[in-house]
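Heads up: the structure comes next, in structure tokens.
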Amino acid sequence: MKKFLTVFLVLAMALALLAGCGSTGDGGGGGEDSDVIRIGVFEPLTGANAAGGEIEVRGIELAHEYLGDLLGKKVELVKVDNKSDAVEAATAASRLVENEKVDIVLGSWGSTLSIAGGDAFKNSQTVAIAASATNPNVTLGNDYYYRICFLDPFQGTVLANYAYKTMGATKVGIIYETSNDYAVGLRNFFKNSYEELGGEIVAEAMYQTNDQDFNSQLMTVMAEKPDVIFAPGNYTEAALIMKQARALGYDDIKFLGGDTWETPPLIEVGGEAVEGCVITTFFDPDAPLNDMTTTFVELYREKYNEDPAAFTALGFDVYLTAYKAIEAAGSTDSEAIREALKTLEVEGCTGSIRFDENGDAIKDTAILKTVQDGKFTFLDTVKID
Amino acid sequence: MSKESKSPYLPATTQKHKGLSRTLSIVVLAAFAVFLYMANSGKILGSYELRIIRLCGVYAIAALSMNLVNGFTGQFSLGQAGFMAIGAYVTSLFIIPTAQKTAMYYVEPIAPWVESLQAPFIVALIIGGLVAALAAFLIGFPVLRLRGDYLAIATLGFSEIIRIFITNMIPITNGSLGLKNIPDTANVWWTTIAVAIVVIFMLRLMKTSYGRSFKAIRDDDVAAEAMGISLFRHKMLSFVIGGFLAGISGGLLASVVGAITPIYFRFTLAYEILLIVVLGGQGSITGSVVGACILTVAREWLRFMDNGFSIGPLTVPPIAGMRMLVFSILLMIIILFYRRGLFGSNEFSWAGLLRVIKSIPQGIKRLFTRKAKAEGGGS
């Protein structure tokens, strides 16, 4: 038993080491200074969500460099890693507001982590703005949490409208990831608005994160002969679902998904099978919504020599929003910032941003993309009233 | 802290110092209580430091629960994460205000009987522990027939089953969306007093015939059975008490963190607790408490490393995750030098502390004389 234990521990530590090798970034140390505005960056820099955290931080850094001083003071980014873990996130959030004494917080990637940090921000009355946390619970009942991305209900409505009106689908099958809060929420909102439009959800099947075999789910759903399959969830599982659907001989069935699909691995894993799937997203470098999009894309291409991801754009916008809010408030006082956010309208690279009384962004534009010839290509811009 | 010195087998020197150690323990504990009182009123520490102290308490109870089953009864169980999940969910459902519960369940409406659940924190905590104990009792029937690695795998499996149940019972648990707005009732007093009660309970338990039977089973189950100890009954008792304690620690965790999701209670949580148990010493009650504190504090304290630091002329650039790397290396060093954990199966004692301090210079000397072997230490 002892040997087993030793091996166990060594493995666990090796894993911890691996998880430790995250991304790089330049955080600011330094002492406290009233001539400095401190902006907290609350993101998963290590652990399961490190990739998501990193691409968002890139956008924040880019905006930080681009916008420069604020109210005649230097702006300092204080990065704190929440390790993709809810308990760690609560502690990290507490550290940001208590020890680092930041004026405003940006982040986090992943709604679960944002929710865990939310209490610390609320108790210390520090304004926090999330870039990509789409779960309604993030801002619900928390007057200090704001967000600049669209919510799952909006995304669900866009997809339901697209399926019913543009694709002309009257029967939809759903395969979703039950262990993923994002997927569960999206499936719910899609279902509600699709049924309201007059469509019918003919079959539903579920799977767990990290599942590999989706044959039984596909066969259950396909037995009801849906026109389209909606499959909210992670990109790896989604790619496998599409691949296995083709292998089962369902060559014509179309797939719909949310913004999480827009990652290179979807195409790498799925190959030809993912051709033609439709996803919603908030940003496309080739479909500029305004001047800010153009500026952002140029800045990003110059620095990284590649096209920016949608989350990087949101990272850019979240910094921009915080910057404009402090500018409009004229101080770093939380109440003044909250007052300013009530009326603020920011032209970000993901469209114009305003906040409702919940602290959620009022957005009316979503972008639809599809996979064509092994690339995500712009399909359509959708406006919902 | 320790009352092990009651034993007649201890050397005479220890007996002589008994009075002194007791006074020392009382002074230190009293100082700690005063410190906590000051800290809780916000005089010395901010809520960040208090949160870390509270987390130490939560992990200490979880580690004690695992130590009871693994260290004292010798049954290698990894089911603690599942029992903690049960405790956390049950406690949360009793203490979240009804209005907030209704708003949170937007995917599927909340089951009416869950919505109306309300209880004071202490009652909620105990109910959470009892439900976890009940789960341990039911799971115990099939799995406690297994031994060693097989038991570890089976308990790990059951812990995952519990998590998947929680994920899919959406009208009750809100599924993967998790619960939030859990009242922050568990302040440092709650967690510290809970740890104290559990520690005293464990110390007492180990002196009873049950405690001795647990140890007998750990040391040799065939001999224990031959002596007339009912293996199944005692294993079950240990497993159920372990489940209860894990449930309590889960309930406290939920209140400290304020938001829980099933994902947090993955099997990795069980490894983390196992790490504390092994670090502190299997079969050492004070070891688990100290191990929990070291692990929780070190992880936070090492945070400065993420922002870049310099040791003399060597400057390390800011690298995210640097602290986890250093943390892992530190753990490996500890395990290499203290194979049986910091305390082995002994309890904390002042004489022991003195011995350790005295032996440090010798240890360093030995390190240099036995170069060939010491190289594995990686300094």
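Identifiers in this document derive from the order of the structure tokens: chains are assigned A, B, ..., residues are numbered from 1 separately in each chain, and ligands are numbered from 1 in order of occurrence.
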Legend entry - Spatial neighbours of Asp213 of chain A, max dist 10 Å, only C-alpha atoms, sep filter under 4 positions, as a list in words: Tyr207, Gln217, Leu218, Glu237, Leu240, Ile241 and Gln244 of chain A
Which residues of chain B have any atom within 7 Å of an atom in chain A when counting only C-alpha atoms, and what is the closest pair of atoms for each, with the distance in Å to one decimal? Order the rows by chain and rising number and write it as JSON lines.
```
{"residue": "B:Gly46", "atom": "CA", "partner": "A:Glu98", "partner_atom": "CA", "distance": 6.7}
{"residue": "B:Tyr48", "atom": "CA", "partner": "A:Ser94", "partner_atom": "CA", "distance": 5.2}
{"residue": "B:Arg51", "atom": "CA", "partner": "A:Thr91", "partner_atom": "CA", "distance": 6.9}
{"residue": "B:Met104", "atom": "CA", "partner": "A:Asn137", "partner_atom": "CA", "distance": 6.8}
{"residue": "B:Val107", "atom": "CA", "partner": "A:Asn188", "partner_atom": "CA", "distance": 5.9}
{"residue": "B:Gly148", "atom": "CA", "partner": "A:Met1", "partner_atom": "CA", "distance": 6.3}
{"residue": "B:Asp149", "atom": "CA", "partner": "A:Met1", "partner_atom": "CA", "distance": 6.9}
{"residue": "B:Thr167", "atom": "CA", "partner": "A:Ser179", "partner_atom": "CA", "distance": 6.0}
{"residue": "B:Ser176", "atom": "CA", "partner": "A:Asp181", "partner_atom": "CA", "distance": 4.7}
{"residue": "B:Leu177", "atom": "CA", "partner": "A:Asp181", "partner_atom": "CA", "distance": 4.6}
{"residue": "B:Val257", "atom": "CA", "partner": "A:Val87", "partner_atom": "CA", "distance": 6.0}
{"residue": "B:Gly258", "atom": "CA", "partner": "A:Ala116", "partner_atom": "CA", "distance": 6.6}
{"residue": "B:Ala259", "atom": "CA", "partner": "A:Ala116", "partner_atom": "CA", "distance": 5.3}
{"residue": "B:Tyr264", "atom": "CA", "partner": "A:Ala86", "partner_atom": "CA", "distance": 6.7}
{"residue": "B:Asn307", "atom": "CA", "partner": "A:Gly27", "partner_atom": "CA", "distance": 5.5}
{"residue": "B:Pro318", "atom": "CA", "partner": "A:Asp26", "partner_atom": "CA", "distance": 5.7}
{"residue": "B:Ile319", "atom": "CA", "partner": "A:Thr24", "partner_atom": "CA", "distance": 4.9}
{"residue": "B:Ala320", "atom": "CA", "partner": "A:Thr24", "partner_atom": "CA", "distance": 5.7}
{"residue": "B:Gly321", "atom": "CA", "partner": "A:Gly20", "partner_atom": "CA", "distance": 4.5}
{"residue": "B:Met322", "atom": "CA", "partner": "A:Gly20", "partner_atom": "CA", "distance": 6.4}
{"residue": "B:Met324", "atom": "CA", "partner": "A:Gly20", "partner_atom": "CA", "distance": 5.3}
{"residue": "B:Leu325", "atom": "CA", "partner": "A:Leu17", "partner_atom": "CA", "distance": 5.3}
{"residue": "B:Ser328", "atom": "CA", "partner": "A:Met13", "partner_atom": "CA", "distance": 5.9}
```
Selection above as a file: C-alpha atoms, as an mmCIF file, in the first residue's frame:
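Output file out_34.cif is given in full below:
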```cif
data_model
loop_
_atom_site.group_PDB
_atom_site.id
_atom_site.type_symbol
_atom_site.label_atom_id
_atom_site.label_comp_id
_atom_site.auth_asym_id
_atom_site.auth_seq_id
_atom_site.Cartn_x
_atom_site.Cartn_y
_atom_site.Cartn_z
ATOM 1 C CA GLY B 46 -7.888 41.725 7.173
ATOM 2 C CA TYR B 48 -8.008 37.948 3.381
ATOM 3 C CA ARG B 51 -10.184 33.617 5.091
ATOM 4 C CA MET B 104 -30.956 31.027 -8.557
ATOM 5 C CA VAL B 107 -32.908 26.315 -15.524
ATOM 6 C CA GLY B 148 -6.093 -1.723 -0.007
ATOM 7 C CA ASP B 149 -5.952 -0.381 -3.534
ATOM 8 C CA THR B 167 -24.898 17.443 -11.146
ATOM 9 C CA SER B 176 -23.800 22.349 -12.655
ATOM 10 C CA LEU B 177 -24.875 25.951 -12.117
ATOM 11 C CA VAL B 257 -16.338 30.185 0.021
ATOM 12 C CA GLY B 258 -19.904 31.412 -0.481
ATOM 13 C CA ALA B 259 -20.493 29.591 -3.770
ATOM 14 C CA TYR B 264 -15.097 21.593 -7.132
ATOM 15 C CA ASN B 307 5.059 38.380 -9.785
ATOM 16 C CA PRO B 318 7.143 36.998 -13.484
ATOM 17 C CA ILE B 319 5.823 33.593 -14.477
ATOM 18 C CA ALA B 320 2.247 32.589 -13.736
ATOM 19 C CA GLY B 321 2.219 29.341 -11.813
ATOM 20 C CA MET B 322 5.749 29.744 -10.464
ATOM 21 C CA MET B 324 2.847 25.957 -7.696
ATOM 22 C CA LEU B 325 6.178 24.802 -9.088
ATOM 23 C CA SER B 328 5.554 21.088 -5.429
#
```
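Of the listed residues B:Asp306, B:Leu64, B:Leu336, B:Leu134, the one whose atoms come nearest to Arg323 of chain B is B:Asp306, with distances taken using only C-alpha atoms.
Every protein or nucleic acid residue with an atom no more than 6 Å from segment 105-109 of chain A, counting only C-alpha atoms and leaving out same-chain residues fewer than 4 positions away, appears here: A:Ile39, A:Gly40, A:Val41, A:Phe42, A:Glu43, A:Gly53, A:Ser114, A:Ala128, A:Ile129, A:Ala130, A:Ala131, A:Ser132.
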Inset, instruction - Name the residues of segment 63-125 of chain A that come out as strand (DSSP E) in a backbone DSSP run; write them as a list in words. - result: Lys74, Val75, Glu76, Leu77, Val78, Lys79, Val80, Asp81, Ile104, Val105 and Leu106 of chain A
